[in-house]
Every structure is written in structure tokens, then in C-alpha cells.
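Peer 1: One structure, pasted below without further comment.
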Amino acid sequence: MAKTAKTSGRRGSTAKSAGAKTASKSASKSDAKSVSKSVSKSAVTKPAKVGPSELVTLLDHVRFAVSRFNAAELVFAHGTTDPVAEAIFLVGEALSLHPDQFETFAMARVTRAEGLKLLALIDARVRTRKPSAYLLNKVYMRGLPFYVDERVIVPRSFIGELLESHFSGDDGSLIEDPGAVGRVLDLCTGSGCLAILAARHFPNAQVDAVELSKDAFAVATRNVTDHGLDGTVTLYRGDLFAPLPKDARYDLIITNPPYVDAEGMAGLPRECRHEPKMAFDGGDDGLDIVRRILADAPRHLTEDGGLLCEVGRGRSAMEEAFPHLPLLWLDTEESEGEVFWLPASAL
């Protein structure tokens, strides 16, 4: 199944903090540019005494939110990458608008009831420092909505983009034909988002997904059902490969495991501390879980299969710990060398 590995072209080089970031790019590009000139950094950190009648349009509320977010020095790594994108997501989603629809309705008037709701959400984001994804119970990955709450890490893996850019069957693809992929495994599935994206990308594949946390498993179950994939994605609760059938072999294993090192864990921003610790903690060098995956993956890959694994800022640690492995580092629009590919033949 696998082609000769080729290095990917660099399309971006934004460094990532302790939590991986991705997702609702539609809310952070054209819309963000149209709003950015309205941003003010002069707002006070105390809750502003603003009535709903003083803010008229969606854009007014976005501008106000950005000012509050800037003044409070919030951190953005949960589906959005800056205060403008976060404000657009929060305002749009609270009004049942997809991020792609914001520009169309930016100058629309907000009702009094809607204004009160938006002001409460903006205040909650600043006061609690909870990610907006938790306040709204939603995040977008590759344009698809997923349910999230504090039982599960907010998904923002780069693997979703890589499935489209490096597993399409086109020139430079790491596989010959997406339609020929028969079985995929997603380890540490969390909310189930990567398993769902894989099921949509590989039309003929049966996808297995494993999660240790009982709480995260419940969220993943809900997302699989919401996306109508109960017959395609099978969820297993347990520790990595342990709950899988002994004879299970996969054409592709994908995983976004806990990979934050001890230094990163000590410096997690308040926003990330609302998320389950076990979803981040990768041990002293961040590679505790990765080592276990590498040790057992060969027994669960087909001859032409491969492993796609995200390690965040752990590239140096990986190359030091596994100098003999021909790690192929893949770039995305917002990351450089945070995900590696290994064919089964190299393991």
C-alpha cells in the first residue's frame, strides 16, 4: 500500500504550544481579516458595564469580545489561534451560525435576548478562562462539527489535514489509493474526531478506535453516533492495543497520544488546565506513550501499512531516542515537523 516516502513541501511554520492547535480555519482567515481592523487592546480586565443596546451588530459583539480577550491576555489553542477567530467562533456559534456564514451576517442586528447571551458568554470566557469549545460544547475540524465537554481534550490535531494532503493517492501521496485502505486504527481517540475523519476519507475502510478514559469514550460514542458511523467506526475502551482482537492488522495506524513533557506540563496555560491531564501528560520527555506504540505497532500493521503519529514539539526528543528510525516529518499549514510517518517495513 505504501509508496516510497517523500518529504512534504513546507506550507507553514507556526510553532505550537503545549496543546496542539488546529480546526476552524474558516473562522480565522477571511473573516478574521475583515474584523482585525476593529480590534482594540485598551479594554479593562474587569467585566465591562455594557448593555445589549450599546452593541448592535454581530461585528460589534466580535469587536467587544476581542477587546476583552486581549485585555485579559487569554490563550488560544482550542480550535482557534487568535482572539479574532475565537470571537467570531463564539459569537457565530452562540447564534447557530457556521463559521463560514459569519461574513454574510456580520452587519446583522442582534436581538436583545441574543445580546444578553453573547455578553454572558464573553464574560464567562474571560472570567473562567474555559475554552470557547467547552462553553459552547462544539469544535470544528476540517469543517465538521464535533461535540466536546470537559470530559475530553478539545481536539486540534494536525492529522486531519494530513489525511487529505498526504493520503489522497495523488503524486507524493504516502499511499497508492485511499479506496484500497481496508482497515484503520486510531489510538488515543479522545472525542473520536480523527476516527470519524478517517472513516470519511477512506470510503472502504473499517475504522477501529481505542480510548482508555471512560469519560472520553462516552464523548467519542456520542460523536460516532451523531455522524452516523456506528457501523463503520468501532470503539474499544482500554489501553492502546490491549482491547483489540489479537489477529487485528491495519493498513494505517493514526495516533495523537499524550506527548507533553514535564516542562510543558508545568507551564500549561489556565485554558489547558480545564482539560483532562491524562490527555496531555507524556512523561519526562513526552514520549512514554509513543515508546509503547512503537514497540507494539509492528504486530498490528499489514506488510504495506504505516504509522502516522503526532508528537507536538517532541521532534528533537524523538530523533534522540530513536536515531535508527527513518522518521519522515510532515508539515501542515500551521505546523512544521510535529507529525511523523513510519512505514511498517521500518519498524
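Labels used: A, B, ... for chains in the order of the C-alpha cells, numbers from 1 for residues in each chain, and numbers from 1 for ligands as shown.
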Please tabulate, as a Markdown table, the residues of stretch 95-161 of chain A that come within 7 Å of stretch 200-221 of chain A, each with its closest pair of atoms and the distance in Å to one decimal, counting only C-alpha atoms and ordering rows by chain, then residue number upward.

Peer 2:
| residue | atom | partner | partner_atom | distance |
| --- | --- | --- | --- | --- |
| A:Val148 | CA | A:Val219 | CA | 6.9 |
| A:Arg151 | CA | A:Asp215 | CA | 5.3 |
| A:Val152 | CA | A:Ala216 | CA | 4.9 |

Peer 1: In terms of the shortest atom-to-atom distance over only C-alpha atoms, which of A:Gly115, A:Pro323, A:Gly169, A:Gly305 is closest to A:Pro343?

Peer 2: A:Gly305

Peer 1: Can you pull out the residues contacting A:Ile122? Cut-off 12 Å, using only C-alpha atoms, and skip same-chain residues under 3 positions away; I want them as a ChimeraX atom specification.

Peer 2: /A:45,47-48,50,61-69,72,74,83,86-91,94,115-119,125-132,135-136

Peer 1: Between A:Gly92, A:Glu114, A:Met107, A:Ser191, which has the minimum distance to A:Met141 (counting only C-alpha atoms)?

Peer 2: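 The closest residue to A:Met141 is A:Ser191.
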
Peer 1: If you run DSSP on this backbone, which residues of stretch 270-343 of chain A come out as alpha helix (DSSP H), and could you give them as a PyMOL selection string?

Peer 2: chain A and resi 288-296+315-321

Peer 1: Kindly indicate which residue among A:Leu287, A:Leu97, A:Ala106, A:Ala346 lies nearest to A:Val56, using only C-alpha atoms for the distances.

Peer 2: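 Smallest distance to A:Val56 is found for A:Ala106.
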
Peer 1: Please determine, counting only C-alpha atoms, which residue among A:Leu194, A:Thr225, A:Asp296, A:Val233 has the shortest atom-to-atom distance to A:Lys246.

Peer 2: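 Answer, going by the shortest atom-to-atom distance: A:Asp296.
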
Peer 1: With DSSP run on the backbone, what are the strand (DSSP E or B) residues within stretch 44-250 of chain A? I'd like them as a PyMOL selection string.

Peer 2: chain A and resi 57+109+139-141+144-146+175+183-187+206-211+233-237+250

Peer 1: Which residues come within 7 Å of A:Glu275, counting only C-alpha atoms, excluding same-chain residues fewer than 2 positions away, as a list in words?

Peer 2: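 My list of contacting residues is Glu150, Val152, Ile153, Cys272, Arg273 and Lys277 of chain A.
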
Peer 1: Using all heavy atoms, can you export the residues from the last selection as a short mmCIF file (atom, residue, chain, number, x, y, z; two decimals), in the first residue's frame?

Peer 2:
data_model
loop_
_atom_site.label_atom_id
_atom_site.label_comp_id
_atom_site.auth_asym_id
_atom_site.auth_seq_id
_atom_site.Cartn_x
_atom_site.Cartn_y
_atom_site.Cartn_z
N GLU A 150 -15.88 18.94 29.09
CA GLU A 150 -14.66 18.84 29.88
C GLU A 150 -14.25 17.42 30.23
O GLU A 150 -13.24 17.21 30.91
CB GLU A 150 -14.80 19.69 31.14
CG GLU A 150 -14.77 21.17 30.84
CD GLU A 150 -15.08 22.05 32.03
OE1 GLU A 150 -14.18 22.26 32.86
OE2 GLU A 150 -16.23 22.52 32.13
N VAL A 152 -13.24 15.50 27.91
CA VAL A 152 -12.34 15.13 26.82
C VAL A 152 -11.53 16.35 26.40
O VAL A 152 -11.99 17.49 26.52
CB VAL A 152 -13.16 14.59 25.62
CG1 VAL A 152 -14.04 15.67 25.03
CG2 VAL A 152 -12.28 13.99 24.56
N ILE A 153 -10.31 16.12 25.94
CA ILE A 153 -9.49 17.20 25.42
C ILE A 153 -10.16 17.81 24.19
O ILE A 153 -10.83 17.12 23.43
CB ILE A 153 -8.08 16.68 25.06
CG1 ILE A 153 -7.12 17.84 24.76
CG2 ILE A 153 -8.12 15.69 23.92
CD1 ILE A 153 -5.68 17.40 24.57
N CYS A 272 -5.75 25.30 29.23
CA CYS A 272 -5.48 23.88 29.08
C CYS A 272 -5.70 23.10 30.37
O CYS A 272 -5.92 21.89 30.33
CB CYS A 272 -4.04 23.67 28.59
SG CYS A 272 -3.75 24.26 26.90
N ARG A 273 -5.66 23.79 31.49
CA ARG A 273 -5.86 23.10 32.77
C ARG A 273 -7.32 22.73 33.00
O ARG A 273 -7.63 22.01 33.96
CB ARG A 273 -5.31 23.95 33.92
CG ARG A 273 -3.79 24.11 33.84
CD ARG A 273 -3.22 24.87 35.02
NE ARG A 273 -1.79 25.10 34.83
CZ ARG A 273 -0.84 24.23 35.13
NH1 ARG A 273 -1.19 23.05 35.65
NH2 ARG A 273 0.43 24.50 34.93
N LYS A 277 -5.94 15.98 32.43
CA LYS A 277 -4.48 15.92 32.49
C LYS A 277 -3.93 14.72 31.73
O LYS A 277 -2.89 14.81 31.07
CB LYS A 277 -4.03 15.86 33.95
CG LYS A 277 -2.53 15.78 34.14
CD LYS A 277 -2.15 15.69 35.62
CE LYS A 277 -0.64 15.54 35.78
NZ LYS A 277 -0.26 15.42 37.21
#

Peer 1: When you look at stretch 108-113 of chain A with a cut-off of 8 Å (counting only C-alpha atoms), what residues show up, excluding the ones that are within fewer than 6 positions of it in the same chain? I need them as a PDB file with C-alpha atoms, in the first residue's frame.

Peer 2:
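Output (out_38.pdb):
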ATOM      1  CA  PRO A  52     -27.080  44.831  24.863  1.00  0.00           C
ATOM      2  CA  SER A  53     -28.461  48.027  23.290  1.00  0.00           C
ATOM      3  CA  VAL A  56     -25.895  46.450  17.740  1.00  0.00           C
ATOM      4  CA  THR A  57     -24.434  44.059  15.161  1.00  0.00           C
ATOM      5  CA  LEU A  58     -22.574  40.759  15.189  1.00  0.00           C
TER       6      LEU A  58
END

Peer 1: Just give me the gap between atom CA of A:Asp170 and atom CA of A:His227 in Å, one decimal is fine.

Peer 2: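 One can read the atom CA of A:Asp170 to atom CA of A:His227 distance as 27.1 Å.
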
Peer 1: If you measure from atom CA of A:Asn223 to atom CA of A:Tyr134, what distance in Å do you get, rounded to one decimal?

Peer 2: 15.1 Å

Peer 1: Excluding same-chain residues fewer than 6 positions from A:Ser157, what lies within 12 Å of it counting only C-alpha atoms, as a PyMOL selection string?

Peer 2: chain A and resi 16+19-24+77-79+139-142+163+188-195+197+254-258+308-312+332+334-335+338-339
